[in-house]
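**Student:** Next comes the structure file my_file-v2.tsv, holding TSV, C-alpha atoms and all ligand atoms.
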```
chain	number	residue	atom	x	y	z
J	24	MET	CA	10.89	18.67	-2.37
J	25	ILE	CA	8.50	17.45	0.26
J	26	ALA	CA	5.00	16.22	-0.48
J	27	GLU	CA	3.38	18.88	1.77
J	28	GLU	CA	4.66	21.65	-0.50
J	29	ILE	CA	3.43	19.91	-3.65
J	30	ALA	CA	0.03	18.99	-2.27
J	31	THR	CA	-1.44	22.45	-2.81
J	32	GLU	CA	-0.06	22.84	-6.36
J	33	PHE	CA	-3.03	21.06	-7.95
J	34	ASP	CA	-6.39	22.39	-8.97
J	35	VAL	CA	-8.20	21.41	-5.76
J	36	PRO	CA	-9.60	24.06	-3.41
J	37	GLY	CA	-8.86	24.29	0.29
J	38	ARG	CA	-6.11	24.42	2.85
J	39	LEU	CA	-3.99	21.33	3.51
J	40	ALA	CA	-5.41	19.46	6.52
J	41	ALA	CA	-3.54	16.16	6.24
J	42	LEU	CA	-1.20	14.17	4.05
J	43	GLN	CA	-1.19	10.45	4.69
J	44	PRO	CA	1.21	7.96	3.06
J	45	ILE	CA	-0.88	5.08	1.74
J	46	GLY	CA	-0.54	1.93	-0.27
J	47	THR	CA	1.94	-0.84	-0.51
J	48	GLY	CA	3.20	-0.03	-4.02
J	49	ASN	CA	6.67	-1.34	-4.81
J	50	VAL	CA	7.55	1.54	-7.13
J	51	ASN	CA	5.87	4.97	-6.66
J	52	ASP	CA	5.21	6.91	-3.42
J	53	THR	CA	1.50	7.45	-2.77
J	54	TYR	CA	-0.35	9.80	-0.38
J	55	ARG	CA	-3.93	10.68	0.42
J	56	VAL	CA	-4.31	14.46	0.57
J	57	ILE	CA	-7.07	16.08	2.63
J	58	LEU	CA	-7.87	19.74	1.97
J	59	ARG	CA	-10.52	21.75	3.80
J	60	THR	CA	-12.56	24.81	2.93
J	61	THR	CA	-15.12	26.46	5.23
J	62	PHE	CA	-17.93	24.19	4.09
J	63	SER	CA	-16.32	21.14	2.54
J	64	GLU	CA	-13.49	18.68	2.49
J	65	GLU	CA	-11.69	17.54	-0.65
J	66	GLN	CA	-9.55	14.42	-0.85
J	67	TYR	CA	-7.32	13.26	-3.66
J	68	ILE	CA	-4.41	10.91	-4.36
J	69	LEU	CA	-0.93	12.40	-4.76
J	70	GLN	CA	1.89	10.32	-6.24
J	71	ARG	CA	5.56	10.85	-6.88
J	72	ILE	CA	6.50	8.97	-10.05
J	73	ASN	CA	9.59	6.79	-9.62
J	74	ARG	CA	12.03	8.10	-12.21
J	75	VAL	CA	14.43	5.18	-11.88
J	76	VAL	CA	11.61	3.04	-13.28
J	77	PHE	CA	9.74	5.52	-15.50
J	78	LYS	CA	12.34	7.41	-17.51
J	79	ASP	CA	9.75	9.54	-19.32
J	80	PRO	CA	7.10	10.65	-16.79
J	81	VAL	CA	5.61	13.09	-19.31
J	82	ALA	CA	4.78	10.17	-21.63
J	83	VAL	CA	3.36	8.21	-18.68
J	84	MET	CA	0.99	11.08	-17.94
J	85	ALA	CA	0.05	11.55	-21.61
J	86	ASN	CA	-0.90	7.84	-21.84
J	87	MET	CA	-2.83	8.04	-18.60
J	88	LYS	CA	-4.75	11.14	-19.65
J	89	ALA	CA	-5.63	9.78	-23.10
J	90	VAL	CA	-6.71	6.37	-21.85
J	91	THR	CA	-8.76	7.67	-18.92
J	92	ASP	CA	-10.54	10.22	-21.14
J	93	HIS	CA	-11.41	7.40	-23.54
J	94	ALA	CA	-12.49	5.03	-20.75
J	95	HIS	CA	-14.61	7.67	-19.01
J	96	ALA	CA	-16.50	8.28	-22.27
J	97	ARG	CA	-17.14	4.53	-22.69
J	98	ILE	CA	-18.30	4.24	-19.07
J	99	ARG	CA	-20.71	7.14	-19.63
J	100	ASP	CA	-22.06	5.64	-22.88
J	101	GLU	CA	-22.70	2.26	-21.27
J	102	ALA	CA	-23.96	3.57	-17.91
J	103	ASP	CA	-27.64	2.78	-18.46
J	104	GLU	CA	-27.00	-0.91	-19.21
J	105	ALA	CA	-24.34	-1.42	-16.53
J	106	ASP	CA	-25.01	-3.53	-13.41
J	107	ARG	CA	-23.05	-1.04	-11.27
J	108	ILE	CA	-21.48	2.42	-11.31
J	109	TRP	CA	-18.08	1.79	-12.87
J	110	GLN	CA	-15.44	4.29	-11.86
J	111	LEU	CA	-11.90	5.18	-12.88
J	112	PRO	CA	-9.54	7.82	-11.44
J	113	ARG	CA	-9.37	11.14	-13.26
J	114	VAL	CA	-6.12	13.02	-13.76
J	115	ILE	CA	-6.38	16.30	-11.82
J	116	SER	CA	-4.56	19.19	-13.48
J	117	ALA	CA	-1.98	21.31	-11.76
J	118	LYS	CA	-2.87	24.96	-11.13
J	119	ASN	CA	-0.80	25.86	-14.22
J	120	GLY	CA	-2.87	23.50	-16.40
J	121	ASP	CA	-0.26	20.71	-16.77
J	122	ASP	CA	-1.05	17.09	-15.89
J	123	PHE	CA	1.82	16.98	-13.37
J	124	VAL	CA	4.04	19.17	-11.20
J	125	VAL	CA	7.84	19.05	-11.37
J	126	ASP	CA	9.50	19.95	-8.07
J	127	SER	CA	12.81	21.75	-7.50
J	128	GLU	CA	14.67	18.43	-7.55
J	129	GLY	CA	13.20	17.41	-10.90
J	130	GLU	CA	10.79	14.87	-9.37
J	131	TYR	CA	7.41	14.43	-11.10
J	132	TRP	CA	4.19	14.46	-9.07
J	133	ARG	CA	0.64	13.75	-10.18
J	134	ALA	CA	-2.81	14.09	-8.65
J	135	LEU	CA	-5.66	11.64	-9.19
J	136	SER	CA	-9.25	11.68	-8.04
J	137	LEU	CA	-9.89	9.42	-5.06
J	138	ILE	CA	-12.30	6.52	-5.47
J	139	ALA	CA	-14.30	7.01	-2.28
J	140	SER	CA	-16.02	4.32	-0.21
J	141	THR	CA	-13.83	1.57	-1.61
J	142	THR	CA	-11.19	-0.73	-0.16
J	143	ASN	CA	-8.36	-2.68	-1.70
J	144	TYR	CA	-6.81	-5.86	-0.34
J	145	ASP	CA	-3.43	-7.51	-0.77
J	146	ARG	CA	-4.84	-11.04	-0.77
J	147	VAL	CA	-8.04	-12.87	-1.60
J	148	SER	CA	-9.79	-15.51	0.45
J	149	GLU	CA	-13.32	-15.53	-0.99
J	150	PRO	CA	-14.29	-16.65	-4.51
J	151	ALA	CA	-16.66	-13.65	-4.71
J	152	HIS	CA	-13.66	-11.32	-4.36
J	153	ALA	CA	-11.71	-13.21	-7.03
J	154	ALA	CA	-14.73	-12.97	-9.35
J	155	GLU	CA	-14.72	-9.19	-8.89
J	156	ALA	CA	-10.99	-9.02	-9.67
J	157	GLY	CA	-11.68	-10.87	-12.92
J	158	ALA	CA	-14.69	-8.72	-13.79
J	159	VAL	CA	-12.82	-5.47	-13.10
J	160	LEU	CA	-9.90	-6.47	-15.34
J	161	GLY	CA	-12.17	-7.78	-18.11
J	162	HIS	CA	-14.26	-4.61	-18.00
J	163	PHE	CA	-11.19	-2.35	-18.12
J	164	GLN	CA	-9.63	-4.26	-21.01
J	165	ARG	CA	-12.94	-4.16	-22.87
J	166	ILE	CA	-13.52	-0.41	-22.55
J	167	ILE	CA	-9.98	0.40	-23.68
J	168	SER	CA	-9.87	-2.31	-26.39
J	169	ASP	CA	-10.82	0.18	-29.12
J	170	PHE	CA	-8.22	2.77	-28.10
J	171	PRO	CA	-5.67	3.05	-30.95
J	172	ILE	CA	-2.34	1.65	-29.71
J	173	GLU	CA	-0.36	3.90	-32.09
J	174	GLU	CA	-1.39	6.76	-29.80
J	175	LEU	CA	0.13	5.10	-26.73
J	176	ALA	CA	3.81	5.54	-25.94
J	177	ASP	CA	5.84	2.57	-24.74
J	178	THR	CA	6.60	4.03	-21.32
J	179	LEU	CA	8.48	1.01	-20.03
J	180	PRO	CA	10.39	-0.71	-22.84
J	181	GLY	CA	10.90	-4.40	-22.12
J	182	PHE	CA	8.09	-4.54	-19.53
J	183	HIS	CA	6.78	-8.14	-19.37
J	184	ILE	CA	9.12	-9.37	-22.10
J	185	THR	CA	10.27	-12.43	-20.14
J	186	PRO	CA	13.30	-13.30	-22.34
J	187	GLY	CA	14.57	-9.76	-21.70
J	188	TYR	CA	14.30	-10.25	-17.92
J	189	LEU	CA	16.15	-13.54	-18.30
J	190	ALA	CA	18.96	-11.76	-20.16
J	191	GLN	CA	19.12	-9.07	-17.43
J	192	TYR	CA	19.24	-11.79	-14.78
J	193	ASP	CA	22.09	-13.55	-16.62
J	194	SER	CA	24.06	-10.36	-16.84
J	195	CYS	CA	23.70	-9.60	-13.13
J	196	LEU	CA	24.88	-13.12	-12.13
J	197	SER	CA	28.51	-12.17	-12.63
J	198	GLY	CA	28.24	-9.08	-10.36
J	199	LYS	CA	29.89	-8.97	-6.94
J	200	ILE	CA	26.66	-8.91	-4.92
J	201	ALA	CA	25.16	-11.79	-6.91
J	202	LYS	CA	28.25	-13.94	-6.49
J	203	LYS	CA	28.28	-13.32	-2.76
J	204	CYS	CA	24.56	-14.10	-2.38
J	205	LEU	CA	24.85	-17.31	-4.38
J	206	GLU	CA	27.90	-18.45	-2.45
J	207	SER	CA	26.40	-17.79	0.97
J	208	SER	CA	22.76	-18.83	0.51
J	209	SER	CA	21.65	-22.34	-0.39
J	210	GLU	CA	18.14	-20.93	-0.95
J	211	ALA	CA	19.51	-18.53	-3.58
J	212	ARG	CA	21.24	-21.49	-5.27
J	213	ARG	CA	17.97	-23.43	-5.25
J	214	LEU	CA	16.16	-20.53	-6.95
J	215	HIS	CA	18.98	-20.30	-9.47
J	216	ARG	CA	18.38	-23.95	-10.43
J	217	PHE	CA	14.63	-23.29	-10.56
J	218	VAL	CA	15.19	-20.59	-13.18
J	219	ASP	CA	17.57	-22.74	-15.22
J	220	LEU	CA	14.99	-25.50	-15.54
J	221	ARG	CA	12.47	-23.09	-17.11
J	222	ARG	CA	14.63	-21.21	-19.59
J	223	ASP	CA	13.00	-22.74	-22.66
J	224	PHE	CA	9.57	-21.62	-21.53
J	225	ALA	CA	10.46	-17.92	-21.18
J	226	ASP	CA	9.63	-16.98	-24.78
J	227	VAL	CA	6.27	-18.73	-25.01
J	228	LEU	CA	4.23	-15.52	-25.43
J	229	GLU	CA	6.81	-13.48	-27.33
J	230	SER	CA	7.31	-16.19	-29.93
J	231	ALA	CA	3.51	-16.59	-30.35
J	232	CYS	CA	3.46	-12.85	-30.95
J	233	GLU	CA	6.28	-13.08	-33.53
J	234	ARG	CA	4.39	-15.86	-35.33
J	235	GLY	CA	1.41	-13.50	-35.54
J	236	GLU	CA	-0.78	-15.65	-33.29
J	237	LEU	CA	-1.08	-12.92	-30.66
J	238	CYS	CA	-1.18	-9.16	-31.14
J	239	HIS	CA	-0.63	-6.07	-29.07
J	240	ARG	CA	-3.56	-4.16	-27.59
J	241	PRO	CA	-3.86	-1.50	-24.90
J	242	ILE	CA	-3.27	-3.21	-21.54
J	243	HIS	CA	-3.26	-2.19	-17.88
J	244	GLY	CA	0.15	-3.73	-17.21
J	245	ASP	CA	-0.19	-4.13	-13.43
J	246	PRO	CA	-3.63	-5.49	-12.52
J	247	LYS	CA	-2.52	-7.08	-9.26
J	248	ILE	CA	-5.19	-7.50	-6.62
J	249	THR	CA	-4.11	-4.44	-4.60
J	250	ASN	CA	-5.02	-2.31	-7.61
J	251	VAL	CA	-8.62	-3.56	-7.70
J	252	MET	CA	-10.96	-1.32	-5.70
J	253	ILE	CA	-13.95	-2.98	-4.06
J	254	ASP	CA	-17.05	-0.94	-3.18
J	255	THR	CA	-17.43	-1.12	0.61
J	256	LEU	CA	-21.20	-0.76	0.32
J	257	THR	CA	-21.94	-3.44	-2.29
J	258	GLY	CA	-18.82	-5.67	-2.31
J	259	LYS	CA	-18.60	-5.25	-6.08
J	260	GLY	CA	-15.49	-4.18	-7.93
J	261	THR	CA	-15.77	-0.57	-9.01
J	262	CYS	CA	-12.49	0.19	-10.74
J	263	ILE	CA	-8.85	-0.58	-11.32
J	264	VAL	CA	-6.22	1.96	-10.27
J	265	ASP	CA	-2.46	2.41	-10.80
J	266	LEU	CA	-2.63	3.31	-14.46
J	267	ASP	CA	0.99	4.19	-15.11
J	268	THR	CA	1.78	0.94	-16.91
J	269	VAL	CA	-1.08	1.30	-19.41
J	270	LYS	CA	0.63	0.77	-22.75
J	271	PRO	CA	0.54	-1.52	-25.79
J	272	GLY	CA	1.17	-5.17	-24.89
J	273	LEU	CA	-0.41	-8.61	-24.72
J	274	ILE	CA	-3.65	-8.84	-22.76
J	275	HIS	CA	-2.16	-12.12	-21.51
J	276	TYR	CA	0.27	-10.25	-19.28
J	277	ASP	CA	-2.74	-8.73	-17.54
J	278	PHE	CA	-4.69	-11.95	-17.25
J	279	GLY	CA	-1.67	-13.84	-15.91
J	280	ASP	CA	-0.95	-11.10	-13.39
J	281	ALA	CA	-4.54	-10.97	-12.16
J	282	VAL	CA	-4.56	-14.74	-11.61
J	283	ARG	CA	-1.16	-14.94	-9.89
J	284	SER	CA	-2.03	-12.12	-7.50
J	285	SER	CA	-5.66	-13.03	-6.78
J	286	CYS	CA	-5.60	-16.81	-6.58
J	287	ASN	CA	-2.72	-17.23	-4.13
J	288	PRO	CA	-4.21	-17.08	-0.60
J	289	GLY	CA	-0.78	-16.31	0.90
J	290	GLY	CA	-0.24	-13.08	-1.06
J	291	GLU	CA	3.13	-11.75	-2.25
J	292	GLU	CA	4.81	-11.01	1.05
J	293	THR	CA	4.26	-14.07	3.23
J	294	SER	CA	7.28	-16.00	4.44
J	295	ASP	CA	5.18	-19.10	5.10
J	296	LEU	CA	5.35	-21.04	1.84
J	297	SER	CA	2.66	-23.47	3.01
J	298	GLU	CA	0.16	-20.63	2.43
J	299	VAL	CA	1.28	-20.23	-1.18
J	300	PHE	CA	-0.57	-22.19	-3.84
J	301	LEU	CA	-2.95	-21.70	-6.74
J	302	ASP	CA	-6.41	-22.04	-5.22
J	303	LEU	CA	-8.68	-23.63	-7.82
J	304	ASP	CA	-11.91	-22.23	-6.32
J	305	LEU	CA	-10.55	-18.69	-6.46
J	306	PHE	CA	-9.26	-19.40	-9.96
J	307	GLU	CA	-12.60	-20.65	-11.26
J	308	ALA	CA	-14.37	-17.58	-9.86
J	309	LEU	CA	-11.82	-15.20	-11.39
J	310	VAL	CA	-11.98	-16.91	-14.78
J	311	LYS	CA	-15.77	-16.68	-14.83
J	312	GLY	CA	-15.74	-12.99	-13.82
J	313	TYR	CA	-13.07	-12.17	-16.40
J	314	LEU	CA	-14.54	-14.10	-19.31
J	315	ASP	CA	-18.05	-12.73	-18.80
J	316	GLU	CA	-16.51	-9.36	-19.74
J	317	ALA	CA	-13.72	-10.47	-22.06
J	318	ARG	CA	-15.12	-13.50	-23.93
J	319	ALA	CA	-16.39	-11.40	-26.82
J	320	PHE	CA	-13.08	-9.77	-27.65
J	321	LEU	CA	-10.78	-12.80	-27.23
J	322	SER	CA	-9.71	-14.67	-30.37
J	323	GLU	CA	-9.22	-18.44	-30.58
J	324	ASN	CA	-5.45	-17.93	-30.28
J	325	ASP	CA	-5.86	-15.57	-27.31
J	326	ARG	CA	-7.71	-18.37	-25.51
J	327	LYS	CA	-5.06	-20.92	-26.39
J	328	TYR	CA	-2.37	-19.01	-24.44
J	329	LEU	CA	-4.32	-18.14	-21.29
J	330	PHE	CA	-2.87	-20.97	-19.21
J	331	ASP	CA	0.70	-20.26	-20.32
J	332	SER	CA	0.28	-16.59	-19.43
J	333	ILE	CA	-0.46	-17.48	-15.80
J	334	ARG	CA	2.57	-19.74	-15.44
J	335	LEU	CA	4.76	-17.26	-17.30
J	336	ILE	CA	3.86	-14.05	-15.45
J	337	THR	CA	4.30	-15.83	-12.12
J	338	PHE	CA	7.70	-17.14	-13.20
J	339	GLU	CA	8.61	-13.72	-14.61
J	340	LEU	CA	7.78	-11.82	-11.42
J	341	GLY	CA	9.77	-14.35	-9.37
J	342	LEU	CA	12.67	-13.86	-11.77
J	343	ARG	CA	12.40	-10.06	-11.52
J	344	PHE	CA	12.41	-10.19	-7.70
J	345	PHE	CA	15.29	-12.66	-7.66
J	346	ALA	CA	17.36	-10.64	-10.13
J	347	ASP	CA	16.74	-7.50	-8.07
J	348	TYR	CA	17.89	-9.31	-4.93
J	349	LEU	CA	21.05	-10.41	-6.74
J	350	ALA	CA	21.61	-6.87	-8.03
J	351	GLY	CA	21.36	-5.36	-4.53
J	352	ASP	CA	17.68	-4.22	-4.48
J	353	VAL	CA	17.86	-1.47	-7.05
J	354	TYR	CA	14.31	-1.61	-8.48
J	355	PHE	CA	11.63	-2.81	-6.03
J	356	LYS	CA	11.31	-0.97	-2.73
J	357	THR	CA	12.25	-3.12	0.27
J	358	THR	CA	11.85	-2.81	4.03
J	359	TYR	CA	14.16	-5.67	5.05
J	360	GLU	CA	17.31	-7.20	3.64
J	361	THR	CA	16.14	-10.45	2.08
J	362	GLN	CA	12.68	-9.21	1.06
J	363	ASN	CA	13.24	-9.59	-2.68
J	364	LEU	CA	14.63	-13.11	-2.13
J	365	ASN	CA	11.54	-13.97	-0.12
J	366	ARG	CA	9.22	-12.47	-2.75
J	367	ALA	CA	10.97	-14.60	-5.38
J	368	ARG	CA	10.53	-17.75	-3.26
J	369	VAL	CA	6.80	-17.02	-3.05
J	370	GLN	CA	6.34	-16.53	-6.81
J	371	PHE	CA	8.39	-19.62	-7.65
J	372	ALA	CA	6.40	-21.73	-5.15
J	373	LEU	CA	3.23	-20.44	-6.79
J	374	CYS	CA	4.66	-21.23	-10.22
J	375	GLU	CA	5.28	-24.83	-9.13
J	376	SER	CA	1.72	-25.12	-7.82
J	377	ILE	CA	0.42	-23.81	-11.17
J	378	GLU	CA	2.54	-26.35	-13.04
J	379	LYS	CA	1.17	-29.19	-10.89
J	380	GLN	CA	-2.42	-28.15	-11.53
J	381	GLU	CA	-2.09	-27.45	-15.24
J	382	GLU	CA	-4.64	-30.03	-16.33
J	383	LYS	CA	-7.40	-28.85	-13.97
J	384	MET	CA	-6.72	-25.21	-14.78
J	385	ARG	CA	-6.92	-25.88	-18.51
J	386	GLU	CA	-10.24	-27.68	-18.00
J	387	ILE	CA	-11.67	-24.68	-16.14
J	388	LEU	CA	-10.44	-22.29	-18.82
J	389	ALA	CA	-11.90	-24.41	-21.61
J	390	ARG	CA	-15.26	-24.62	-19.83
J	391	TYR	CA	-15.64	-20.84	-19.35
J	392	CYS	CA	-14.13	-19.88	-22.71
J	393	GLN	CA	-17.13	-21.53	-24.31
J	394	GLY	CA	-19.50	-19.50	-22.19
D	1	LIG	C1	5.33	-3.33	-9.07
D	1	LIG	O1	4.48	-0.58	-7.98
D	1	LIG	P1	3.53	-1.67	-7.98
D	1	LIG	O2	3.50	-2.29	-6.66
D	1	LIG	O3	2.17	-1.28	-8.50
D	1	LIG	C2	5.69	-3.63	-10.52
D	1	LIG	C3	4.79	-4.72	-11.09
D	1	LIG	C4	4.86	-5.96	-10.20
D	1	LIG	C5	4.46	-5.57	-8.78
D	1	LIG	C6	4.54	-6.75	-7.84
D	1	LIG	C7	6.31	-0.77	-12.88
D	1	LIG	O4	4.04	-2.77	-9.05
D	1	LIG	O5	5.24	-5.07	-12.39
D	1	LIG	O6	4.00	-6.97	-10.69
D	1	LIG	O7	5.32	-4.52	-8.30
D	1	LIG	N1	5.56	-2.42	-11.32
D	1	LIG	C8	6.54	-2.02	-12.14
D	1	LIG	O8	4.03	-6.41	-6.60
D	1	LIG	O9	7.59	-2.63	-12.27
D	2	MG	MG	2.07	-0.32	-10.62
```
Let me see the file written as structure tokens.
**Tutor:**
Amino acid sequence: MIAEEIATEFDVPGRLAALQPIGTGNVNDTYRVILRTTFSEEQYILQRINRVVFKDPVAVMANMKAVTDHAHARIRDEADEADRIWQLPRVISAKNGDDFVVDSEGEYWRALSLIASTTNYDRVSEPAHAAEAGAVLGHFQRIISDFPIEELADTLPGFHITPGYLAQYDSCLSGKIAKKCLESSSEARRLHRFVDLRRDFADVLESACERGELCHRPIHGDPKITNVMIDTLTGKGTCIVDLDTVKPGLIHYDFGDAVRSSCNPGGEETSDLSEVFLDLDLFEALVKGYLDEARAFLSENDRKYLFDSIRLITFELGLRFFADYLAGDVYFKTTYETQNLNRARVQFALCESIEKQEEKMREILARYCQG
């Protein structure tokens, strides 16, 4: 069913004036909806949930509703002491009272309030922006840290479990498409060797979790820089969006993802690898912004694994892109043929830069962990 027909199924008044595809998301389809009444205009965000990725959209919406209700209450309670107006999208009900609409083809759609007067960016060039990315993630993790994880469904089993992605990658290597890609592309063979050299590292967080050093908490799951909304009036971060991966996990996945996406001046899609590196000035700013919010709820062991989480999540995303390329682009949306290969090259180049700068990054982390 087309988005235009769905756009008026939610509890928002007015006649449809415009429906604009927005965002650069690799998974869901996102639109800005503009509705008009005689005296006003209403705008909201409409999304079709990708059912290849999210097998249980009802559970995704239940998590999202529960966590946003909790977070909104915390934001309200802390409003007087806050240095800014923190925001967070609200789930808008359908006209029949549900938190989603199912169309005639069985596709799930949801509506979310629009965070007005904000902008998001797909790369960072200023330390002040990186600091806001850190502050927004730390703030979000803090206000959901007391949400009981037993009440959150695991909407994406295996998400961020790097050894699982490695196993998936291994099993796709014997497929026809993978064999052909590896035979014909020396770059694909180089990335294959890159993965092989890091196999032993893949379980660093999961084994710390098994040993009881790290524990699951509610996490965002996808705090990449494009999901951080910056207030166009003040330049401050106001909220984090894209809440469909909120689920129990390690806060390290979030921290690693925020660093890999915010501290690489080239961004995820560049084909110029000379732009891709871990910028230490951006990193220091992000770490400060994050730890000012998160320091109080991080344990000694949590701190110990912060560096590894950055290297791991960068490696993991490269591996996920590369495996998808070798599987014939079945998961991440693409607009050109070798896009997933290129995305993998970027993440692996970033991973190498992180490895080279380990000592300096650990020094920065140690400095700000102490306060
Ligand atoms: C996907 O859909 P989007 O763009 O928010 C992916 C993330 C990746 C990200 C990389 C559910 O996020 O894990 O880090 O692409 N989301 C899912 O751009 O797989
Ligand atoms: Mg996402």
**Student:** Can you tell me how far atom C1 of ligand LIG 1 (chain D) sits from CA of Val50 (chain J), in Å to one decimal?
**Tutor:** 5.7 Å
**Student:** Let me make sure I understand: among J:Asp315, J:Asp34, J:Asp52, J:Asp103, which one has the smallest atom-to-atom distance to Gly120 (chain J) if we use all atoms listed in the file?
**Tutor:** J:Asp34
**Student:** In Å, rounded to a single decimal, give me how far CA of Ile274 (chain J) is from CA of Gly394 (chain J).
**Tutor:**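 According to the coordinates, CA of Gly394 (chain J) and CA of Ile274 (chain J) are separated by 19.1 Å.
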**Student:** Write out as number ranges by chain each polymer residue whose atoms come within 12 Å of Ala350 (chain J), counting all atoms listed in the file; drop sequence neighbours fewer than 2 positions from it.
**Tutor:** J: 191-205, 342-348, 352-355, 363-364
**Student:** As lines of an AutoDock Vina configuration file, please: the centre and edge lengths in Å, to one decimal, of an axis-aligned box enclosing every listed atom of ligand LIG 1 (chain D) with 3 Å added on each side.
**Tutor:**
```
center_x = 4.9
center_y = -3.8
center_z = -9.7
size_x = 11.4
size_y = 12.4
size_z = 12.3
```
**Student:** Please identify all protein, DNA and RNA residues within 7 Å of ligand MG 2 (chain D), counting all atoms listed in the file, and report them as a list in words.
**Tutor:**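 For ligand MG 2 (chain D), the residues inside 7 Å are Gly48, Val50, Asp245, Asp265, Asp267 and Thr268 of chain J.
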**Student:** I'd like the interatomic distance between CA of Asn49 (chain J) and CA of Asn73 (chain J), to a tenth of an Å.
**Tutor:**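 Answer for the CA of Asn49 (chain J) to CA of Asn73 (chain J) separation: 9.9 Å.
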**Student:** Taking into account all atoms listed in the file, which residue in the set J:Lys327, J:Lys247, J:His215, J:His275 is nearest to ligand LIG 1 (chain D)?
**Tutor:**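 Of J:Lys327, J:Lys247, J:His215, J:His275, the one nearest ligand LIG 1 (chain D), counting all atoms listed in the file, is J:Lys247.
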**Student:** Using only C-alpha atoms, which residue out of J:Ile108, J:Ile45, J:Leu388, J:Leu58 lies closest to Glu307 (chain J)?
**Tutor:**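 Among the listed residues, J:Leu388 lies closest to Glu307 (chain J).
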**Student:** From the list J:Arg165, J:Lys379, J:Arg113, J:Arg213, which residue is nearest Val264 (chain J) when using all atoms listed in the file?
**Tutor:**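 For Val264 (chain J), the nearest of the candidates is J:Arg113.
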**Student:** I'd like the neighbourhood of Ile115 (chain J) as a list in words, where a residue qualifies if any of its atoms comes within 12 Å (using all atoms listed in the file), though same-chain residues fewer than 5 positions away should be ignored.
**Tutor:**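 Residues meeting the cut-off are Ala30, Thr31, Glu32, Phe33, Asp34, Val35, Pro36, Gln66, Tyr67, Ile68, Leu69, Gln70, Met84, Met87, Lys88, Thr91, Asp92, Gly120, Asp121, Asp122, Phe123, Val124, Trp132, Arg133, Ala134, Leu135, Ser136 and Leu137 of chain J.
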**Student:** Would you please work out which residue, of J:Pro241, J:Pro186, J:Gly279, J:Gly161, is nearest to Asp226 (chain J) when using all atoms listed in the file?
**Tutor:**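 Among the listed residues, J:Pro186 lies closest to Asp226 (chain J).
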**Student:** Give the answer as one residue: which of J:Thr293, J:Thr357, J:Thr142, J:Ser285 has the shortest atom-to-atom distance to Ala372 (chain J), using all atoms listed in the file?
**Tutor:**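 Checking each candidate against Ala372 (chain J), we get J:Thr293 as the closest.
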**Student:** So that I can see what lies close to region 157-159 of chain J, please list as a ChimeraX atom specification the residues with an atom at most 9 Å from it, counting all atoms listed in the file and leaving out residues fewer than 4 positions away in the same chain.
**Tutor:** /J:109,152-153,163-164,251-252,260-263,278,281-282,285,308-317
**Student:** Mind filling out region 182-193 of chain J with N, CA and C atoms and sending it as a PDB file, in the coordinates of the input?
**Tutor:**
```pdb
ATOM      1  N   PHE J 182       8.984  -4.133 -20.613  1.00  0.00           N
ATOM      2  CA  PHE J 182       8.090  -4.540 -19.530  1.00  0.00           C
ATOM      3  C   PHE J 182       7.335  -5.805 -19.937  1.00  0.00           C
ATOM      4  N   HIS J 183       7.429  -6.843 -19.135  1.00  0.00           N
ATOM      5  CA  HIS J 183       6.780  -8.140 -19.370  1.00  0.00           C
ATOM      6  C   HIS J 183       7.317  -8.917 -20.563  1.00  0.00           C
ATOM      7  N   ILE J 184       8.493  -8.544 -21.055  1.00  0.00           N
ATOM      8  CA  ILE J 184       9.120  -9.370 -22.100  1.00  0.00           C
ATOM      9  C   ILE J 184      10.044 -10.336 -21.342  1.00  0.00           C
ATOM     10  N   THR J 185       9.539 -11.524 -21.038  1.00  0.00           N
ATOM     11  CA  THR J 185      10.270 -12.430 -20.140  1.00  0.00           C
ATOM     12  C   THR J 185      11.690 -12.746 -20.624  1.00  0.00           C
ATOM     13  N   PRO J 186      11.911 -13.009 -21.933  1.00  0.00           N
ATOM     14  CA  PRO J 186      13.300 -13.300 -22.340  1.00  0.00           C
ATOM     15  C   PRO J 186      14.248 -12.145 -22.021  1.00  0.00           C
ATOM     16  N   GLY J 187      13.738 -10.932 -22.051  1.00  0.00           N
ATOM     17  CA  GLY J 187      14.570  -9.760 -21.700  1.00  0.00           C
ATOM     18  C   GLY J 187      14.948  -9.785 -20.223  1.00  0.00           C
ATOM     19  N   TYR J 188      13.978 -10.156 -19.350  1.00  0.00           N
ATOM     20  CA  TYR J 188      14.300 -10.250 -17.920  1.00  0.00           C
ATOM     21  C   TYR J 188      15.312 -11.360 -17.651  1.00  0.00           C
ATOM     22  N   LEU J 189      15.204 -12.430 -18.454  1.00  0.00           N
ATOM     23  CA  LEU J 189      16.150 -13.540 -18.300  1.00  0.00           C
ATOM     24  C   LEU J 189      17.565 -13.069 -18.672  1.00  0.00           C
ATOM     25  N   ALA J 190      17.651 -12.278 -19.735  1.00  0.00           N
ATOM     26  CA  ALA J 190      18.960 -11.760 -20.160  1.00  0.00           C
ATOM     27  C   ALA J 190      19.538 -10.821 -19.095  1.00  0.00           C
ATOM     28  N   GLN J 191      18.660  -9.988 -18.507  1.00  0.00           N
ATOM     29  CA  GLN J 191      19.120  -9.070 -17.430  1.00  0.00           C
ATOM     30  C   GLN J 191      19.622  -9.867 -16.236  1.00  0.00           C
ATOM     31  N   TYR J 192      18.875 -10.913 -15.908  1.00  0.00           N
ATOM     32  CA  TYR J 192      19.240 -11.790 -14.780  1.00  0.00           C
ATOM     33  C   TYR J 192      20.611 -12.405 -15.051  1.00  0.00           C
ATOM     34  N   ASP J 193      20.801 -12.929 -16.274  1.00  0.00           N
ATOM     35  CA  ASP J 193      22.090 -13.550 -16.620  1.00  0.00           C
ATOM     36  C   ASP J 193      23.224 -12.544 -16.477  1.00  0.00           C
TER      37      ASP J 193
END
```
